[in-house]
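*Asks:* Take this structure first; my questions come after.
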Amino acid sequence: MKSIRQSQLFTKTRREAPKDEVSKNAELLIRAGFVHKDMTGVYSYLPLGLKVLKKIEEIIRKNMDAVGGQEMFLATLQSKELWEKTNRWDDKVVDNWFKTELKNGNELGLGLSHEEPLTNLMREYIRSSKDLPKLAYQFQNKFRNELRAKSGLMRGREFLMKDLYSFSKDEEQHLVIYEQVKQAYTNIYKEVGLGDNTFLTFASGGIFAPFSHEFQTLTDAGEDLIYLSREKGIAINKEVLNDEVLKTFNIERDELEEVKGVEVGNIFSLGTRFSSALELVYANEEGKRIPVIMGCYGIGLGRLMGAIVEVLADEKGIKWPKNVSPFHVHLLNLDTKNELINEWANNFFDGLTQAGVEVLYDDRDVRPGEKFNDADLIGIPLQVIIGARSFETGSVEIKNRLTGDSEAMAIDKIVDYVMNVI
RNA sequence: CGGAGUGUAGUGUAACGGCUAACAUUCUUGAUUUGGGAUCAAGCGACUCAGGGUUCGAAUCCCUGCACUCCGACCA
């Protein structure tokens with residue numbers, strides 16, 4: 001589905017938000033027909049929503065590949081034995097498992113994370129320091145039995161996540177990779193259009209590092225409290241803020257503003273927490289068995305999509321940054337009944353599509369006002385408007401949904417113009 | 001998991017314990033209209049979340065369950 005006629009799209013927009021949603025991201029994504037709520041914390045992606053999700057996925061994939069990540073796809077069903085070895089099977093330790101069982105009564109888990117199976121799998125392939133470092137990642141649904149799912153796409157029970165894992169021979173090698181991934185993450189948020197609102201944030205680091213790094217996008221819809229100095233470029237999650245930490249960063253409490261953020265990514269040093277427990281080891285020069293140093297790096301795609309909506313939407317609807325917009329252009333034909341204009345618009349649609357532009361073509365037989373409102377709600381950044389007026393002047397209107405600017409442009413210049421800005 | 005609240009056509013709302021559950025929108029048909037959800041006409045569409053109870057009579061009161069929202073706790 002590169003381009004599509006809106007009359008063929010099975011989804012429809014809604015005038016009103018569903019009463020069972022309060023969060024802005026869910027209201028708008030449902031009204032505009034991007035997602036469907038199946039139950040609390042569980043959303044299905046409709047054609048428009050999937051287009052956005054795939055764009056986000058591709059941006060992440062590109063950046064993961066760039067740091068040497070190798071994509072794979074792990075199983076969802078998880079073996080209890082593996083998780084018992086790392087002491088994470090017991091509900092008292094990890095309380096958000098979805099567990100099920102085989103017909104024979106043996107327990108299984110639905111993957112809430114994939115450290116265990118991947119670490120176990122890597123035992124077959126990592127034997128020597130020459131096999132290191134390695135980076136493996138996947139896009140997969142995670143299942144977490146949250147006590148309280150909420151905020152639309154922001155915290156679900158089933159959600160698509162990119163998880164990357166790094167395997168290094170020592171701390172030095174690990175830190176190089178960690179920094180590279182950190183940079184890749186920064187690129188990702190910039191590319192999806194959240195660069196200005198997303199800050200690298202120090203958060204609790206677990207056992208093996210004083211801090212982990214979160215990427216926090218500032219929005220009131222966020223769950224986390226962040227202490228931020230825009231000047232010094234320092235952001236600290238409230239969960240780790242204390243006098244000692246302030247001293248570490250050489251900063252005073254009153255230099256920091258308190259803001260709300262949503263965690264759109266988290267990168268962790270895992271040390272040998274999993275490699276020791278599951279015996280993922282390699283032989284060093286002396287033939288000694290050394291546990292592999294690991295890191296894990298996650299991004300929730302649905303949450304990222306929700307964050308984009310939260311941050312950028314206005315009272316009319318969604319505003320997609322061009323890199324994640326479901327289509328490049330929303331073509332509005334205001335006079336579908338007028339044969340000449342209709343033919344013109346149809347040709348124009350074909351021309352754009354053949355030039356490689358992804359077009360949502362509103363060819364529906366509805367009034368102009370409805371088309372304008374729907375286009376603003378759906379939020380494709382570039383609207384191209386054709387109507388009787390264009391026929392008289394030989395020009396069409398190009399409107400930028402993000403800035404609200406609009407200009408008339410000669411029709412034979414449009415394709416070039418569009419190719420230039422997308 | 002603790003607390004608060006809400007369940008009524010596809011959607012959003014209304015209805016004192018009492019007529020055939022109403023209105024808007026969507027949808028269907030027709031007319032008119034076409035640069036910001038226009039107008040008119042005629043229709044379709046709900047045994048009021050489920051199960052019990054109180055009552056001559058329950059969408060309305062009570063109980064249980066389920067679902068959903070919010071606050072809190074939790075968040076490998």
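Following the order of the structure tokens, first chain is A, next is B, and so on, with residues numbered from 1 inside each chain and ligands from 1 in the order they appear.
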Give me, as a list of chain:residue names, all polymer residues having an atom no more than 7 Å from segment 52-66 of chain B, counting only C-alpha atoms (C1' of nucleotides) and skipping those fewer than 5 positions away in the same chain.
*Replies:*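 Non-adjacent residues within range: B:U8, B:G17, B:G18.
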*Asks:* Those same residues, written as a PDB file, in the first residue's frame with C-alpha atoms (C1' of nucleotides)?
*Replies:*
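Contents of out_10.pdb, as written:
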ATOM      1  C1'   U B   8     -28.292   3.023  27.501  1.00  0.00           C
ATOM      2  C1'   G B  17     -39.418   3.915  40.115  1.00  0.00           C
ATOM      3  C1'   G B  18     -44.745   4.537  35.587  1.00  0.00           C
TER       4        G B  18
END
*Asks:* With only C-alpha atoms (C1' of nucleotides) considered, list every residue of chain B at most 12 Å from chain A, as a ChimeraX atom specification.
*Replies:* /B:1-2,6-7,10-13,24-26,33-38,67-76
*Asks:* Within 6 Å of segment 400-413 of chain A, counting only C-alpha atoms (C1' of nucleotides), which residues show up once you throw out same-chain ones fewer than 5 positions away? Write them as a PyMOL selection string, please.
*Replies:* chain A and resi 319+381-382+395
*Asks:* The selected residues should be written to file as a PDB file, in the first residue's frame (atoms: C-alpha atoms).
*Replies:*
ATOM      1  CA  LYS A 319       0.671  16.423  13.119  1.00  0.00           C
ATOM      2  CA  PRO A 381       2.233  17.045   6.785  1.00  0.00           C
ATOM      3  CA  LEU A 382       1.617  18.010   3.178  1.00  0.00           C
ATOM      4  CA  SER A 395      -2.696  26.152  -9.738  1.00  0.00           C
TER       5      SER A 395
END
*Asks:* At a cut-off of 10 Å, using only C-alpha atoms (C1' of nucleotides), what residues contact segment 118-123 of chain A? Leave out same-chain residues fewer than 3 positions from it and give the result as a ChimeraX atom specification.
*Replies:* /A:74-75,82,113-115,126-127,134,136-137,165,167,274-282,292,294
*Asks:* May I have the residues from that selection written out with N, CA and C atoms, as a PDB file, in the first residue's frame?
*Replies:*
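Output below, filename selection.pdb:
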ATOM      1  N   LEU A  74      13.001 -13.734  17.884  1.00  0.00           N
ATOM      2  CA  LEU A  74      12.957 -14.768  18.911  1.00  0.00           C
ATOM      3  C   LEU A  74      11.523 -15.221  19.174  1.00  0.00           C
ATOM      4  N   ALA A  75      11.410 -16.353  19.824  1.00  0.00           N
ATOM      5  CA  ALA A  75      10.085 -16.901  20.124  1.00  0.00           C
ATOM      6  C   ALA A  75       9.413 -16.115  21.239  1.00  0.00           C
ATOM      7  N   LEU A  82      14.651 -21.722  32.117  1.00  0.00           N
ATOM      8  CA  LEU A  82      15.638 -20.679  31.847  1.00  0.00           C
ATOM      9  C   LEU A  82      15.495 -19.509  32.823  1.00  0.00           C
ATOM     10  N   SER A 113      10.404 -10.050  28.170  1.00  0.00           N
ATOM     11  CA  SER A 113      11.720  -9.557  27.812  1.00  0.00           C
ATOM     12  C   SER A 113      12.452 -10.781  27.267  1.00  0.00           C
ATOM     13  N   HIS A 114      13.610 -10.567  26.672  1.00  0.00           N
ATOM     14  CA  HIS A 114      14.238 -11.720  26.008  1.00  0.00           C
ATOM     15  C   HIS A 114      15.704 -11.960  26.377  1.00  0.00           C
ATOM     16  N   GLU A 115      16.120 -11.444  27.518  1.00  0.00           N
ATOM     17  CA  GLU A 115      17.507 -11.693  27.928  1.00  0.00           C
ATOM     18  C   GLU A 115      17.794 -13.193  28.049  1.00  0.00           C
ATOM     19  N   ILE A 126      28.860 -18.244  20.735  1.00  0.00           N
ATOM     20  CA  ILE A 126      29.956 -17.475  21.300  1.00  0.00           C
ATOM     21  C   ILE A 126      30.832 -18.408  22.130  1.00  0.00           C
ATOM     22  N   ARG A 127      32.063 -18.634  21.635  1.00  0.00           N
ATOM     23  CA  ARG A 127      32.966 -19.570  22.309  1.00  0.00           C
ATOM     24  C   ARG A 127      34.308 -18.937  22.598  1.00  0.00           C
ATOM     25  N   LYS A 134      29.287  -8.885  19.642  1.00  0.00           N
ATOM     26  CA  LYS A 134      28.164  -9.143  18.752  1.00  0.00           C
ATOM     27  C   LYS A 134      26.951  -8.356  19.248  1.00  0.00           C
ATOM     28  N   ALA A 136      22.707  -8.217  18.645  1.00  0.00           N
ATOM     29  CA  ALA A 136      21.536  -8.850  18.031  1.00  0.00           C
ATOM     30  C   ALA A 136      20.292  -8.101  18.488  1.00  0.00           C
ATOM     31  N   TYR A 137      19.362  -7.964  17.569  1.00  0.00           N
ATOM     32  CA  TYR A 137      18.128  -7.258  17.944  1.00  0.00           C
ATOM     33  C   TYR A 137      16.934  -7.834  17.220  1.00  0.00           C
ATOM     34  N   TYR A 165      20.537  -6.435  22.062  1.00  0.00           N
ATOM     35  CA  TYR A 165      21.398  -6.945  23.130  1.00  0.00           C
ATOM     36  C   TYR A 165      22.826  -6.967  22.624  1.00  0.00           C
ATOM     37  N   PHE A 167      26.900  -8.141  23.273  1.00  0.00           N
ATOM     38  CA  PHE A 167      27.744  -9.147  23.928  1.00  0.00           C
ATOM     39  C   PHE A 167      29.190  -8.759  23.714  1.00  0.00           C
ATOM     40  N   PHE A 274      23.262 -12.008  33.406  1.00  0.00           N
ATOM     41  CA  PHE A 274      22.629 -13.129  32.698  1.00  0.00           C
ATOM     42  C   PHE A 274      23.640 -14.145  32.189  1.00  0.00           C
ATOM     43  N   SER A 275      24.791 -13.635  31.755  1.00  0.00           N
ATOM     44  CA  SER A 275      25.782 -14.561  31.215  1.00  0.00           C
ATOM     45  C   SER A 275      26.316 -15.491  32.311  1.00  0.00           C
ATOM     46  N   SER A 276      26.438 -14.982  33.539  1.00  0.00           N
ATOM     47  CA  SER A 276      26.892 -15.842  34.631  1.00  0.00           C
ATOM     48  C   SER A 276      25.858 -16.896  34.967  1.00  0.00           C
ATOM     49  N   ALA A 277      24.618 -16.456  35.097  1.00  0.00           N
ATOM     50  CA  ALA A 277      23.562 -17.373  35.498  1.00  0.00           C
ATOM     51  C   ALA A 277      23.329 -18.452  34.444  1.00  0.00           C
ATOM     52  N   LEU A 278      23.486 -18.093  33.183  1.00  0.00           N
ATOM     53  CA  LEU A 278      23.176 -19.042  32.111  1.00  0.00           C
ATOM     54  C   LEU A 278      24.440 -19.593  31.451  1.00  0.00           C
ATOM     55  N   GLU A 279      25.585 -19.221  32.038  1.00  0.00           N
ATOM     56  CA  GLU A 279      26.871 -19.736  31.552  1.00  0.00           C
ATOM     57  C   GLU A 279      27.139 -19.425  30.086  1.00  0.00           C
ATOM     58  N   LEU A 280      26.945 -18.154  29.761  1.00  0.00           N
ATOM     59  CA  LEU A 280      27.393 -17.690  28.447  1.00  0.00           C
ATOM     60  C   LEU A 280      28.821 -17.185  28.641  1.00  0.00           C
ATOM     61  N   VAL A 281      29.784 -18.041  28.289  1.00  0.00           N
ATOM     62  CA  VAL A 281      31.188 -17.726  28.580  1.00  0.00           C
ATOM     63  C   VAL A 281      32.035 -17.951  27.326  1.00  0.00           C
ATOM     64  N   TYR A 282      33.196 -17.332  27.335  1.00  0.00           N
ATOM     65  CA  TYR A 282      34.134 -17.593  26.244  1.00  0.00           C
ATOM     66  C   TYR A 282      35.485 -17.927  26.871  1.00  0.00           C
ATOM     67  N   VAL A 292      30.466 -13.366  29.491  1.00  0.00           N
ATOM     68  CA  VAL A 292      30.318 -12.271  28.528  1.00  0.00           C
ATOM     69  C   VAL A 292      29.665 -11.062  29.196  1.00  0.00           C
ATOM     70  N   MET A 294      27.211  -8.017  28.997  1.00  0.00           N
ATOM     71  CA  MET A 294      26.032  -7.745  28.159  1.00  0.00           C
ATOM     72  C   MET A 294      25.448  -6.357  28.390  1.00  0.00           C
TER      73      MET A 294
END
*Asks:* So how many Å separate atom C1' of A31 of chain B and atom CA of Arg364 of chain A, to one decimal?
*Replies:*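 Separating atom C1' of A31 of chain B from atom CA of Arg364 of chain A is a distance of 20.1 Å.
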*Asks:* Using only C-alpha atoms, can you tell me which of A:Met154, A:Ala345, A:Met72, A:Val329 comes closest to Gly300 of chain A?
*Replies:*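 Under the stated criterion, the closest residue is A:Met154.
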*Asks:* Among the residues of segment 85-192 of chain A, find those DSSP assigns to alpha helix (DSSP H) from the backbone and print them as JSON, numbers by chain.
*Replies:* {"A": [85, 115, 116, 117, 118, 119, 120, 121, 122, 171, 172, 173, 174, 175, 176, 177, 178, 179, 180, 181, 182, 183, 184, 185, 186, 187, 188, 189, 190, 191]}
*Asks:* Taking into account only C-alpha atoms, which residue in the set A:Glu124, A:Phe143, A:Asn237, A:Glu116 is nearest to Phe98 of chain A?
*Replies:* A:Phe143
*Asks:* Nearest residue to Glu358 of chain A out of A:Phe327, A:Tyr185, A:Phe391, A:Trp344, using only C-alpha atoms?
*Replies:*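 So, comparing all the options, the nearest one is A:Phe327.
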